[in-house]
file run_32.pdb (PDB, C-alpha atoms)
ATOM      1  CA  MET A 423      30.088 -74.503  -4.949  1.00  0.00           C
ATOM      2  CA  ILE A 424      29.140 -73.663  -1.376  1.00  0.00           C
ATOM      3  CA  LEU A 425      31.884 -72.765   1.073  1.00  0.00           C
ATOM      4  CA  PHE A 426      31.526 -72.219   4.803  1.00  0.00           C
ATOM      5  CA  VAL A 427      33.662 -70.144   7.168  1.00  0.00           C
ATOM      6  CA  ARG A 428      33.172 -70.074  10.898  1.00  0.00           C
ATOM      7  CA  HIS A 429      33.615 -66.586  12.375  1.00  0.00           C
ATOM      8  CA  GLY A 430      36.943 -65.499  13.862  1.00  0.00           C
ATOM      9  CA  GLU A 431      37.752 -65.813  17.542  1.00  0.00           C
ATOM     10  CA  THR A 432      36.040 -63.750  20.232  1.00  0.00           C
ATOM     11  CA  ASP A 433      37.017 -63.248  23.856  1.00  0.00           C
ATOM     12  CA  CYS A 434      34.052 -65.464  24.742  1.00  0.00           C
ATOM     13  CA  ASN A 435      35.535 -68.289  22.619  1.00  0.00           C
ATOM     14  CA  ARG A 436      38.867 -67.872  24.364  1.00  0.00           C
ATOM     15  CA  GLN A 437      37.315 -67.780  27.858  1.00  0.00           C
ATOM     16  CA  GLY A 438      34.858 -70.657  27.372  1.00  0.00           C
ATOM     17  CA  ILE A 439      31.759 -68.479  27.636  1.00  0.00           C
ATOM     18  CA  ILE A 440      28.573 -69.641  25.939  1.00  0.00           C
ATOM     19  CA  GLN A 441      27.772 -67.017  23.318  1.00  0.00           C
ATOM     20  CA  GLY A 442      24.631 -68.259  21.640  1.00  0.00           C
ATOM     21  CA  GLN A 443      23.173 -65.113  20.130  1.00  0.00           C
ATOM     22  CA  LEU A 444      25.274 -62.800  22.303  1.00  0.00           C
ATOM     23  CA  ASP A 445      26.703 -60.202  19.942  1.00  0.00           C
ATOM     24  CA  ALA A 446      30.349 -60.636  20.956  1.00  0.00           C
ATOM     25  CA  PRO A 447      32.872 -58.885  18.692  1.00  0.00           C
ATOM     26  CA  LEU A 448      36.003 -60.417  17.216  1.00  0.00           C
ATOM     27  CA  ASN A 449      39.106 -59.992  19.340  1.00  0.00           C
ATOM     28  CA  GLU A 450      42.538 -59.156  17.862  1.00  0.00           C
ATOM     29  CA  GLU A 451      43.234 -62.826  17.146  1.00  0.00           C
ATOM     30  CA  GLY A 452      39.826 -63.167  15.461  1.00  0.00           C
ATOM     31  CA  ILE A 453      40.547 -60.222  13.173  1.00  0.00           C
ATOM     32  CA  LYS A 454      43.942 -61.731  12.306  1.00  0.00           C
ATOM     33  CA  GLN A 455      42.295 -65.095  11.590  1.00  0.00           C
ATOM     34  CA  ALA A 456      39.721 -63.464   9.305  1.00  0.00           C
ATOM     35  CA  GLU A 457      42.486 -61.611   7.453  1.00  0.00           C
ATOM     36  CA  GLU A 458      44.390 -64.875   6.963  1.00  0.00           C
ATOM     37  CA  THR A 459      41.232 -66.521   5.633  1.00  0.00           C
ATOM     38  CA  ALA A 460      40.707 -63.577   3.276  1.00  0.00           C
ATOM     39  CA  GLU A 461      44.218 -64.180   1.915  1.00  0.00           C
ATOM     40  CA  LYS A 462      43.492 -67.904   1.442  1.00  0.00           C
ATOM     41  CA  LEU A 463      40.263 -67.151  -0.433  1.00  0.00           C
ATOM     42  CA  LYS A 464      41.400 -64.117  -2.431  1.00  0.00           C
ATOM     43  CA  ASN A 465      41.826 -66.129  -5.655  1.00  0.00           C
ATOM     44  CA  THR A 466      38.651 -68.153  -5.140  1.00  0.00           C
ATOM     45  CA  GLU A 467      35.678 -66.941  -7.155  1.00  0.00           C
ATOM     46  CA  ILE A 468      32.909 -65.945  -4.753  1.00  0.00           C
ATOM     47  CA  ASN A 469      29.672 -64.549  -6.194  1.00  0.00           C
ATOM     48  CA  VAL A 470      27.724 -63.890  -3.016  1.00  0.00           C
ATOM     49  CA  ILE A 471      28.308 -64.045   0.728  1.00  0.00           C
ATOM     50  CA  TYR A 472      25.589 -64.985   3.206  1.00  0.00           C
ATOM     51  CA  SER A 473      26.320 -64.113   6.807  1.00  0.00           C
ATOM     52  CA  SER A 474      24.830 -64.370  10.224  1.00  0.00           C
ATOM     53  CA  PRO A 475      23.928 -60.837  11.317  1.00  0.00           C
ATOM     54  CA  LEU A 476      25.837 -61.319  14.590  1.00  0.00           C
ATOM     55  CA  VAL A 477      28.843 -58.990  14.599  1.00  0.00           C
ATOM     56  CA  ARG A 478      31.467 -61.736  14.915  1.00  0.00           C
ATOM     57  CA  ALA A 479      30.284 -63.370  11.690  1.00  0.00           C
ATOM     58  CA  LYS A 480      29.445 -60.163   9.849  1.00  0.00           C
ATOM     59  CA  LEU A 481      32.894 -58.650  10.451  1.00  0.00           C
ATOM     60  CA  THR A 482      34.550 -61.907   9.380  1.00  0.00           C
ATOM     61  CA  ALA A 483      32.509 -61.758   6.155  1.00  0.00           C
ATOM     62  CA  GLU A 484      33.422 -58.109   5.578  1.00  0.00           C
ATOM     63  CA  ILE A 485      37.133 -58.821   6.024  1.00  0.00           C
ATOM     64  CA  ILE A 486      36.998 -61.748   3.581  1.00  0.00           C
ATOM     65  CA  ASN A 487      34.990 -59.639   1.131  1.00  0.00           C
ATOM     66  CA  LYS A 488      37.781 -57.087   0.659  1.00  0.00           C
ATOM     67  CA  TYR A 489      39.095 -59.206  -2.222  1.00  0.00           C
ATOM     68  CA  HIS A 490      35.695 -59.951  -3.742  1.00  0.00           C
ATOM     69  CA  ASN A 491      33.509 -56.883  -3.316  1.00  0.00           C
ATOM     70  CA  VAL A 492      30.276 -58.869  -3.609  1.00  0.00           C
ATOM     71  CA  ASP A 493      26.979 -58.518  -1.799  1.00  0.00           C
ATOM     72  CA  ILE A 494      26.896 -59.683   1.805  1.00  0.00           C
ATOM     73  CA  ILE A 495      23.395 -60.820   2.663  1.00  0.00           C
ATOM     74  CA  CYS A 496      22.697 -61.106   6.377  1.00  0.00           C
ATOM     75  CA  ASP A 497      20.135 -63.765   7.199  1.00  0.00           C
ATOM     76  CA  ASP A 498      18.702 -64.334  10.685  1.00  0.00           C
ATOM     77  CA  ARG A 499      18.429 -68.057   9.928  1.00  0.00           C
ATOM     78  CA  LEU A 500      22.240 -68.165  10.158  1.00  0.00           C
ATOM     79  CA  LYS A 501      22.371 -66.895  13.758  1.00  0.00           C
ATOM     80  CA  GLU A 502      23.846 -69.287  16.292  1.00  0.00           C
ATOM     81  CA  GLN A 503      21.482 -71.295  18.475  1.00  0.00           C
ATOM     82  CA  ASN A 504      19.706 -69.188  21.081  1.00  0.00           C
ATOM     83  CA  ALA A 505      21.182 -70.504  24.334  1.00  0.00           C
ATOM     84  CA  GLY A 506      18.601 -68.730  26.495  1.00  0.00           C
ATOM     85  CA  GLU A 507      19.568 -68.588  30.164  1.00  0.00           C
ATOM     86  CA  ALA A 508      22.902 -70.303  29.419  1.00  0.00           C
ATOM     87  CA  THR A 509      24.035 -67.285  27.385  1.00  0.00           C
ATOM     88  CA  GLY A 510      27.016 -65.605  28.997  1.00  0.00           C
ATOM     89  CA  ARG A 511      27.773 -68.486  31.369  1.00  0.00           C
ATOM     90  CA  TYR A 512      31.149 -70.170  31.543  1.00  0.00           C
ATOM     91  CA  GLU A 513      30.858 -73.666  30.069  1.00  0.00           C
ATOM     92  CA  SER A 514      32.876 -74.982  33.011  1.00  0.00           C
ATOM     93  CA  THR A 515      30.184 -73.889  35.500  1.00  0.00           C
ATOM     94  CA  ILE A 516      27.410 -75.946  33.936  1.00  0.00           C
ATOM     95  CA  THR A 517      26.887 -79.231  35.743  1.00  0.00           C
ATOM     96  CA  LYS A 518      26.201 -82.512  34.004  1.00  0.00           C
ATOM     97  CA  GLU A 519      22.668 -82.449  35.425  1.00  0.00           C
ATOM     98  CA  GLU A 520      22.034 -78.927  34.117  1.00  0.00           C
ATOM     99  CA  TYR A 521      23.363 -79.905  30.703  1.00  0.00           C
ATOM    100  CA  GLU A 522      21.154 -82.994  30.526  1.00  0.00           C
ATOM    101  CA  ASP A 523      18.081 -81.054  31.695  1.00  0.00           C
ATOM    102  CA  PHE A 524      18.803 -78.315  29.166  1.00  0.00           C
ATOM    103  CA  ALA A 525      19.208 -80.896  26.384  1.00  0.00           C
ATOM    104  CA  LYS A 526      15.861 -82.499  27.297  1.00  0.00           C
ATOM    105  CA  ASP A 527      13.883 -79.253  27.403  1.00  0.00           C
ATOM    106  CA  PRO A 528      15.745 -76.135  26.231  1.00  0.00           C
ATOM    107  CA  HIS A 529      12.484 -74.199  25.992  1.00  0.00           C
ATOM    108  CA  LYS A 530      12.302 -74.373  29.791  1.00  0.00           C
ATOM    109  CA  TYR A 531      15.446 -72.195  29.767  1.00  0.00           C
ATOM    110  CA  ASN A 532      14.127 -69.799  27.105  1.00  0.00           C
ATOM    111  CA  ALA A 533      16.462 -71.424  24.591  1.00  0.00           C
ATOM    112  CA  GLU A 534      16.139 -72.881  21.146  1.00  0.00           C
ATOM    113  CA  SER A 535      16.195 -76.659  20.736  1.00  0.00           C
ATOM    114  CA  GLU A 536      18.543 -78.480  18.372  1.00  0.00           C
ATOM    115  CA  GLU A 537      15.499 -79.296  16.247  1.00  0.00           C
ATOM    116  CA  ASP A 538      14.438 -75.626  16.104  1.00  0.00           C
ATOM    117  CA  LEU A 539      17.916 -74.631  14.988  1.00  0.00           C
ATOM    118  CA  TYR A 540      18.079 -77.418  12.407  1.00  0.00           C
ATOM    119  CA  ILE A 541      14.744 -76.425  10.859  1.00  0.00           C
ATOM    120  CA  ARG A 542      15.818 -72.779  10.698  1.00  0.00           C
ATOM    121  CA  ASN A 543      19.182 -73.610   9.133  1.00  0.00           C
ATOM    122  CA  ILE A 544      17.826 -76.051   6.571  1.00  0.00           C
ATOM    123  CA  ASP A 545      15.067 -73.631   5.575  1.00  0.00           C
ATOM    124  CA  PHE A 546      17.887 -71.257   4.589  1.00  0.00           C
ATOM    125  CA  PHE A 547      19.999 -73.913   2.868  1.00  0.00           C
ATOM    126  CA  LYS A 548      17.162 -75.224   0.688  1.00  0.00           C
ATOM    127  CA  GLU A 549      16.897 -71.748  -0.842  1.00  0.00           C
ATOM    128  CA  ILE A 550      20.520 -71.674  -1.969  1.00  0.00           C
ATOM    129  CA  GLU A 551      21.608 -75.282  -2.513  1.00  0.00           C
ATOM    130  CA  LYS A 552      20.664 -75.440  -6.202  1.00  0.00           C
ATOM    131  CA  SER A 553      22.425 -72.190  -7.094  1.00  0.00           C
ATOM    132  CA  ASP A 554      25.055 -72.292  -9.811  1.00  0.00           C
ATOM    133  CA  LYS A 555      26.917 -69.437  -8.086  1.00  0.00           C
ATOM    134  CA  THR A 556      29.878 -69.828  -5.774  1.00  0.00           C
ATOM    135  CA  ILE A 557      28.467 -69.041  -2.349  1.00  0.00           C
ATOM    136  CA  LEU A 558      30.289 -68.330   0.882  1.00  0.00           C
ATOM    137  CA  ILE A 559      28.402 -68.753   4.157  1.00  0.00           C
ATOM    138  CA  VAL A 560      29.938 -67.083   7.215  1.00  0.00           C
ATOM    139  CA  ALA A 561      28.305 -68.222  10.417  1.00  0.00           C
ATOM    140  CA  HIS A 562      28.743 -70.360  13.527  1.00  0.00           C
ATOM    141  CA  ARG A 563      29.711 -73.894  14.479  1.00  0.00           C
ATOM    142  CA  GLY A 564      26.134 -74.966  15.226  1.00  0.00           C
ATOM    143  CA  ILE A 565      25.039 -73.892  11.761  1.00  0.00           C
ATOM    144  CA  TYR A 566      27.945 -75.747  10.154  1.00  0.00           C
ATOM    145  CA  LYS A 567      27.024 -78.953  11.996  1.00  0.00           C
ATOM    146  CA  ASN A 568      23.424 -78.765  10.810  1.00  0.00           C
ATOM    147  CA  LEU A 569      24.273 -78.004   7.183  1.00  0.00           C
ATOM    148  CA  TYR A 570      26.837 -80.822   7.174  1.00  0.00           C
ATOM    149  CA  ARG A 571      24.285 -83.219   8.662  1.00  0.00           C
ATOM    150  CA  TYR A 572      21.679 -82.253   6.070  1.00  0.00           C
ATOM    151  CA  ILE A 573      24.053 -82.599   3.110  1.00  0.00           C
ATOM    152  CA  ASN A 574      25.344 -85.963   4.361  1.00  0.00           C
ATOM    153  CA  ASN A 575      21.955 -87.355   5.461  1.00  0.00           C
ATOM    154  CA  LEU A 576      22.980 -87.584   9.115  1.00  0.00           C
ATOM    155  CA  SER A 577      20.730 -87.322  12.138  1.00  0.00           C
ATOM    156  CA  LEU A 578      20.879 -84.656  14.829  1.00  0.00           C
ATOM    157  CA  SER A 579      22.475 -87.189  17.163  1.00  0.00           C
ATOM    158  CA  ASP A 580      25.376 -87.849  14.778  1.00  0.00           C
ATOM    159  CA  LYS A 581      28.575 -86.145  15.905  1.00  0.00           C
ATOM    160  CA  VAL A 582      30.139 -83.652  13.516  1.00  0.00           C
ATOM    161  CA  ALA A 583      33.635 -82.204  13.832  1.00  0.00           C
ATOM    162  CA  VAL A 584      33.346 -78.427  13.928  1.00  0.00           C
ATOM    163  CA  PRO A 585      35.593 -76.012  12.084  1.00  0.00           C
ATOM    164  CA  GLY A 586      37.993 -73.848  14.020  1.00  0.00           C
ATOM    165  CA  ASN A 587      37.632 -70.091  14.071  1.00  0.00           C
ATOM    166  CA  SER A 588      37.884 -68.696  10.503  1.00  0.00           C
ATOM    167  CA  GLU A 589      38.412 -72.179   9.076  1.00  0.00           C
ATOM    168  CA  VAL A 590      37.162 -72.769   5.522  1.00  0.00           C
ATOM    169  CA  LYS A 591      35.106 -75.860   4.741  1.00  0.00           C
ATOM    170  CA  THR A 592      33.569 -76.948   1.447  1.00  0.00           C
ATOM    171  CA  LEU A 593      29.927 -77.908   1.945  1.00  0.00           C
ATOM    172  CA  LYS A 594      29.131 -78.632  -1.694  1.00  0.00           C
ATOM    173  CA  ASP A 595      31.336 -78.855  -4.799  1.00  0.00           C
TER     174      ASP A 595
END
call {"tool": "encode", "arguments": {"input": "run_32.pdb", "output": "structure tokens"}}
result
Amino acid sequence: MILFVRHGETDCNRQGIIQGQLDAPLNEEGIKQAEETAEKLKNTEINVIYSSPLVRAKLTAEIINKYHNVDIICDDRLKEQNAGEATGRYESTITKEEYEDFAKDPHKYNAESEEDLYIRNIDFFKEIEKSDKTILIVAHRGIYKNLYRYINNLSLSDKVAVPGNSEVKTLKD
């Protein structure tokens, strides 16, 4: 079984700031959310936890792990999409034209494309998908969308509902 948890809330989430690979910490609500998720998962067998190395995901993983005491393996392939020059900007300040231009050529803004992120995420997933262990992945909404798309044979243009902060999703039974 492969489970996925999106990291707990950060002040950037609350304020509508694009985080990308910004290493924003969990806020008080995010810590509370992670603790609630730990409670929900405390009776679930988890053999290994893979986490994004970004602090918001890593701390969420550590909080959940208090009931499991298993290895947490940080993997750079689980980092959120590099948003380049959009990192740290309020989402509300980005115009439609900027968004469309960014979507066409993110490299122009020193950012990672959706395709780059997908390749990175799926490279990770192919290494673990055949495991007979119960795996928990703690990462970001962009990573969830790509893993969900891969598992369900969807394209990058297919819309995927994203989990809320610290929400648990089953990727594979």
call {"tool": "residues_around", "arguments": {"input": "run_32.pdb", "residues": "Ile494 in chain A", "least_positions_apart": "6", "cutoff": "12 Å", "atoms": "only C-alpha atoms", "output": "list in words"}}
result
Ile468, Asn469, Val470, Ile471, Tyr472, Ser473, Ser474, Pro475, Ala479, Lys480, Leu481, Thr482, Ala483, Glu484, Ile485, Ile486, Asn487, Lys488, Ile557, Leu558, Ile559 and Val560 of chain A
call {"tool": "closest_residue", "arguments": {"input": "run_32.pdb", "among": "A:Leu578, A:Ala508, A:Ala460, A:Ile439", "to": "Asp538 in chain A", "atoms": "only C-alpha atoms"}}
result
A:Leu578
call {"tool": "residues_around", "arguments": {"input": "run_32.pdb", "residues": "Glu534 in chain A", "least_positions_apart": "2", "cutoff": "10 Å", "atoms": "only C-alpha atoms", "output": "PyMOL selection string"}}
result
chain A and resi 442+502-506+527-532+536-539
call {"tool": "atom_distance", "arguments": {"input": "run_32.pdb", "atom1": "CA of Ile550 in chain A", "atom2": "CA of Ser535 in chain A"}}
result
23.6 Å
call {"tool": "residues_around", "arguments": {"input": "run_32.pdb", "residues": "Phe546 in chain A", "least_positions_apart": "6", "cutoff": "9 Å", "atoms": "all atoms listed in the file", "output": "list in words"}}
result
Asp497, Arg499 and Leu500 of chain A
call {"tool": "atom_distance", "arguments": {"input": "run_32.pdb", "atom1": "CA of Lys594 in chain A", "atom2": "CA of Ile424 in chain A"}}
result
5.0 Å
call {"tool": "closest_residue", "arguments": {"input": "run_32.pdb", "among": "A:Asn465, A:Ser577, A:Gln443, A:Asn449", "to": "Glu507 in chain A", "atoms": "only C-alpha atoms"}}
result
A:Gln443
call {"tool": "atom_distance", "arguments": {"input": "run_32.pdb", "atom1": "CA of Thr459 in chain A", "atom2": "CA of Lys501 in chain A"}}
result
20.5 Å
call {"tool": "axis_aligned_box", "arguments": {"input": "run_32.pdb", "around": "range 559-577 of chain A", "padding_each_side": "8 Å", "output": "AutoDock Vina command-line options"}}
result
--center_x 25.3 --center_y -77.3 --center_z 9.2 --size_x 25.2 --size_y 36.5 --size_z 28.1
call {"tool": "closest_residue", "arguments": {"input": "run_32.pdb", "among": "A:Phe524, A:Tyr489, A:Tyr512, A:Phe547", "to": "Ile565 in chain A", "atoms": "all atoms listed in the file"}}
result
A:Phe547
call {"tool": "resolve_selection", "arguments": {"input": "run_32.pdb", "expression": "the PyMOL selection byres ((chain A and resi 570-572) around 12)", "output": "PyMOL selection string"}}
result
chain A and resi 424-426+540-541+543-548+551+563-569+573-585+591-594
call {"tool": "closest_residue", "arguments": {"input": "run_32.pdb", "among": "A:Val427, A:Ala533, A:Leu463, A:Ala525", "to": "Thr509 in chain A", "atoms": "only C-alpha atoms"}}
result
A:Ala533
call {"tool": "closest_residue", "arguments": {"input": "run_32.pdb", "among": "A:Asp595, A:Glu431, A:Glu513, A:Glu461", "to": "Leu448 in chain A", "atoms": "all atoms listed in the file"}}
result
A:Glu431
call {"tool": "closest_residue", "arguments": {"input": "run_32.pdb", "among": "A:Met423, A:Leu444, A:Ile453, A:Val492", "to": "Lys552 in chain A", "atoms": "all atoms listed in the file"}}
result
A:Met423
call {"tool": "resolve_selection", "arguments": {"input": "run_32.pdb", "expression": "the PyMOL selection byres ((chain A and resi 455) around 9)", "output": "JSON, numbers by chain"}}
result
{"A": [429, 430, 431, 450, 451, 452, 453, 454, 456, 457, 458, 459, 460, 482, 587, 588, 589]}
call {"tool": "build_atoms", "arguments": {"input": "run_32.pdb", "residues": "range 430-441 of chain A", "atoms": "all heavy atoms", "output": "PDB file, in the frame of the given file"}}
result
ATOM      1  N   GLY A 430      35.682 -65.578  13.126  1.00  0.00           N
ATOM      2  CA  GLY A 430      36.943 -65.499  13.862  1.00  0.00           C
ATOM      3  C   GLY A 430      36.712 -65.545  15.367  1.00  0.00           C
ATOM      4  O   GLY A 430      35.579 -65.448  15.855  1.00  0.00           O
ATOM      5  N   GLU A 431      37.803 -65.662  16.085  1.00  0.00           N
ATOM      6  CA  GLU A 431      37.752 -65.813  17.542  1.00  0.00           C
ATOM      7  C   GLU A 431      37.223 -64.562  18.246  1.00  0.00           C
ATOM      8  O   GLU A 431      37.480 -63.436  17.832  1.00  0.00           O
ATOM      9  CB  GLU A 431      39.158 -66.112  18.074  1.00  0.00           C
ATOM     10  CG  GLU A 431      39.187 -66.381  19.569  1.00  0.00           C
ATOM     11  CD  GLU A 431      40.598 -66.557  20.087  1.00  0.00           C
ATOM     12  OE1 GLU A 431      41.297 -65.532  20.296  1.00  0.00           O
ATOM     13  OE2 GLU A 431      41.002 -67.719  20.280  1.00  0.00           O
ATOM     14  N   THR A 432      36.506 -64.809  19.332  1.00  0.00           N
ATOM     15  CA  THR A 432      36.040 -63.750  20.232  1.00  0.00           C
ATOM     16  C   THR A 432      36.635 -64.012  21.613  1.00  0.00           C
ATOM     17  O   THR A 432      37.124 -65.110  21.887  1.00  0.00           O
ATOM     18  CB  THR A 432      34.502 -63.745  20.349  1.00  0.00           C
ATOM     19  OG1 THR A 432      34.094 -64.946  21.030  1.00  0.00           O
ATOM     20  CG2 THR A 432      33.821 -63.658  18.991  1.00  0.00           C
ATOM     21  N   ASP A 433      36.566 -63.025  22.480  1.00  0.00           N
ATOM     22  CA  ASP A 433      37.017 -63.248  23.856  1.00  0.00           C
ATOM     23  C   ASP A 433      36.179 -64.328  24.520  1.00  0.00           C
ATOM     24  O   ASP A 433      36.694 -65.108  25.342  1.00  0.00           O
ATOM     25  CB  ASP A 433      36.967 -61.949  24.664  1.00  0.00           C
ATOM     26  CG  ASP A 433      38.088 -60.988  24.281  1.00  0.00           C
ATOM     27  OD1 ASP A 433      39.111 -61.428  23.709  1.00  0.00           O
ATOM     28  OD2 ASP A 433      37.945 -59.785  24.568  1.00  0.00           O
ATOM     29  N   CYS A 434      34.908 -64.412  24.174  1.00  0.00           N
ATOM     30  CA  CYS A 434      34.052 -65.464  24.742  1.00  0.00           C
ATOM     31  C   CYS A 434      34.560 -66.850  24.330  1.00  0.00           C
ATOM     32  O   CYS A 434      34.579 -67.773  25.156  1.00  0.00           O
ATOM     33  CB  CYS A 434      32.602 -65.276  24.310  1.00  0.00           C
ATOM     34  SG  CYS A 434      31.786 -63.853  25.047  1.00  0.00           S
ATOM     35  N   ASN A 435      34.955 -67.010  23.049  1.00  0.00           N
ATOM     36  CA  ASN A 435      35.535 -68.289  22.619  1.00  0.00           C
ATOM     37  C   ASN A 435      36.747 -68.630  23.479  1.00  0.00           C
ATOM     38  O   ASN A 435      36.885 -69.749  23.980  1.00  0.00           O
ATOM     39  CB  ASN A 435      36.015 -68.235  21.161  1.00  0.00           C
ATOM     40  CG  ASN A 435      34.910 -68.141  20.137  1.00  0.00           C
ATOM     41  OD1 ASN A 435      35.039 -67.388  19.186  1.00  0.00           O
ATOM     42  ND2 ASN A 435      33.841 -68.895  20.292  1.00  0.00           N
ATOM     43  N   ARG A 436      37.615 -67.668  23.635  1.00  0.00           N
ATOM     44  CA  ARG A 436      38.867 -67.872  24.364  1.00  0.00           C
ATOM     45  C   ARG A 436      38.609 -68.222  25.835  1.00  0.00           C
ATOM     46  O   ARG A 436      39.320 -69.028  26.419  1.00  0.00           O
ATOM     47  CB  ARG A 436      39.728 -66.623  24.263  1.00  0.00           C
ATOM     48  CG  ARG A 436      41.093 -66.802  24.922  1.00  0.00           C
ATOM     49  CD  ARG A 436      41.997 -65.662  24.639  1.00  0.00           C
ATOM     50  NE  ARG A 436      42.496 -65.799  23.266  1.00  0.00           N
ATOM     51  CZ  ARG A 436      43.297 -64.936  22.692  1.00  0.00           C
ATOM     52  NH1 ARG A 436      43.686 -63.860  23.334  1.00  0.00           N
ATOM     53  NH2 ARG A 436      43.713 -65.124  21.457  1.00  0.00           N
ATOM     54  N   GLN A 437      37.584 -67.604  26.430  1.00  0.00           N
ATOM     55  CA  GLN A 437      37.315 -67.780  27.858  1.00  0.00           C
ATOM     56  C   GLN A 437      36.334 -68.905  28.167  1.00  0.00           C
ATOM     57  O   GLN A 437      36.042 -69.177  29.331  1.00  0.00           O
ATOM     58  CB  GLN A 437      36.790 -66.465  28.439  1.00  0.00           C
ATOM     59  CG  GLN A 437      37.798 -65.336  28.364  1.00  0.00           C
ATOM     60  CD  GLN A 437      37.167 -63.980  28.639  1.00  0.00           C
ATOM     61  OE1 GLN A 437      36.024 -63.871  29.063  1.00  0.00           O
ATOM     62  NE2 GLN A 437      37.927 -62.926  28.381  1.00  0.00           N
ATOM     63  N   GLY A 438      35.797 -69.569  27.132  1.00  0.00           N
ATOM     64  CA  GLY A 438      34.858 -70.657  27.372  1.00  0.00           C
ATOM     65  C   GLY A 438      33.494 -70.182  27.820  1.00  0.00           C
ATOM     66  O   GLY A 438      32.827 -70.846  28.606  1.00  0.00           O
ATOM     67  N   ILE A 439      33.071 -69.036  27.304  1.00  0.00           N
ATOM     68  CA  ILE A 439      31.759 -68.479  27.636  1.00  0.00           C
ATOM     69  C   ILE A 439      30.781 -68.848  26.527  1.00  0.00           C
ATOM     70  O   ILE A 439      31.089 -68.713  25.339  1.00  0.00           O
ATOM     71  CB  ILE A 439      31.837 -66.945  27.800  1.00  0.00           C
ATOM     72  CG1 ILE A 439      32.716 -66.597  29.003  1.00  0.00           C
ATOM     73  CG2 ILE A 439      30.447 -66.335  27.935  1.00  0.00           C
ATOM     74  CD1 ILE A 439      33.016 -65.115  29.143  1.00  0.00           C
ATOM     75  N   ILE A 440      29.603 -69.294  26.910  1.00  0.00           N
ATOM     76  CA  ILE A 440      28.573 -69.641  25.939  1.00  0.00           C
ATOM     77  C   ILE A 440      28.037 -68.353  25.322  1.00  0.00           C
ATOM     78  O   ILE A 440      27.514 -67.493  26.012  1.00  0.00           O
ATOM     79  CB  ILE A 440      27.438 -70.438  26.610  1.00  0.00           C
ATOM     80  CG1 ILE A 440      27.988 -71.761  27.149  1.00  0.00           C
ATOM     81  CG2 ILE A 440      26.288 -70.667  25.636  1.00  0.00           C
ATOM     82  CD1 ILE A 440      27.039 -72.505  28.048  1.00  0.00           C
ATOM     83  N   GLN A 441      28.191 -68.236  24.007  1.00  0.00           N
ATOM     84  CA  GLN A 441      27.772 -67.017  23.318  1.00  0.00           C
ATOM     85  C   GLN A 441      26.336 -67.092  22.835  1.00  0.00           C
ATOM     86  O   GLN A 441      25.592 -66.132  22.963  1.00  0.00           O
ATOM     87  CB  GLN A 441      28.680 -66.733  22.111  1.00  0.00           C
ATOM     88  CG  GLN A 441      30.079 -66.391  22.511  1.00  0.00           C
ATOM     89  CD  GLN A 441      30.960 -66.157  21.317  1.00  0.00           C
ATOM     90  OE1 GLN A 441      31.177 -65.022  20.934  1.00  0.00           O
ATOM     91  NE2 GLN A 441      31.459 -67.223  20.731  1.00  0.00           N
TER      92      GLN A 441
END
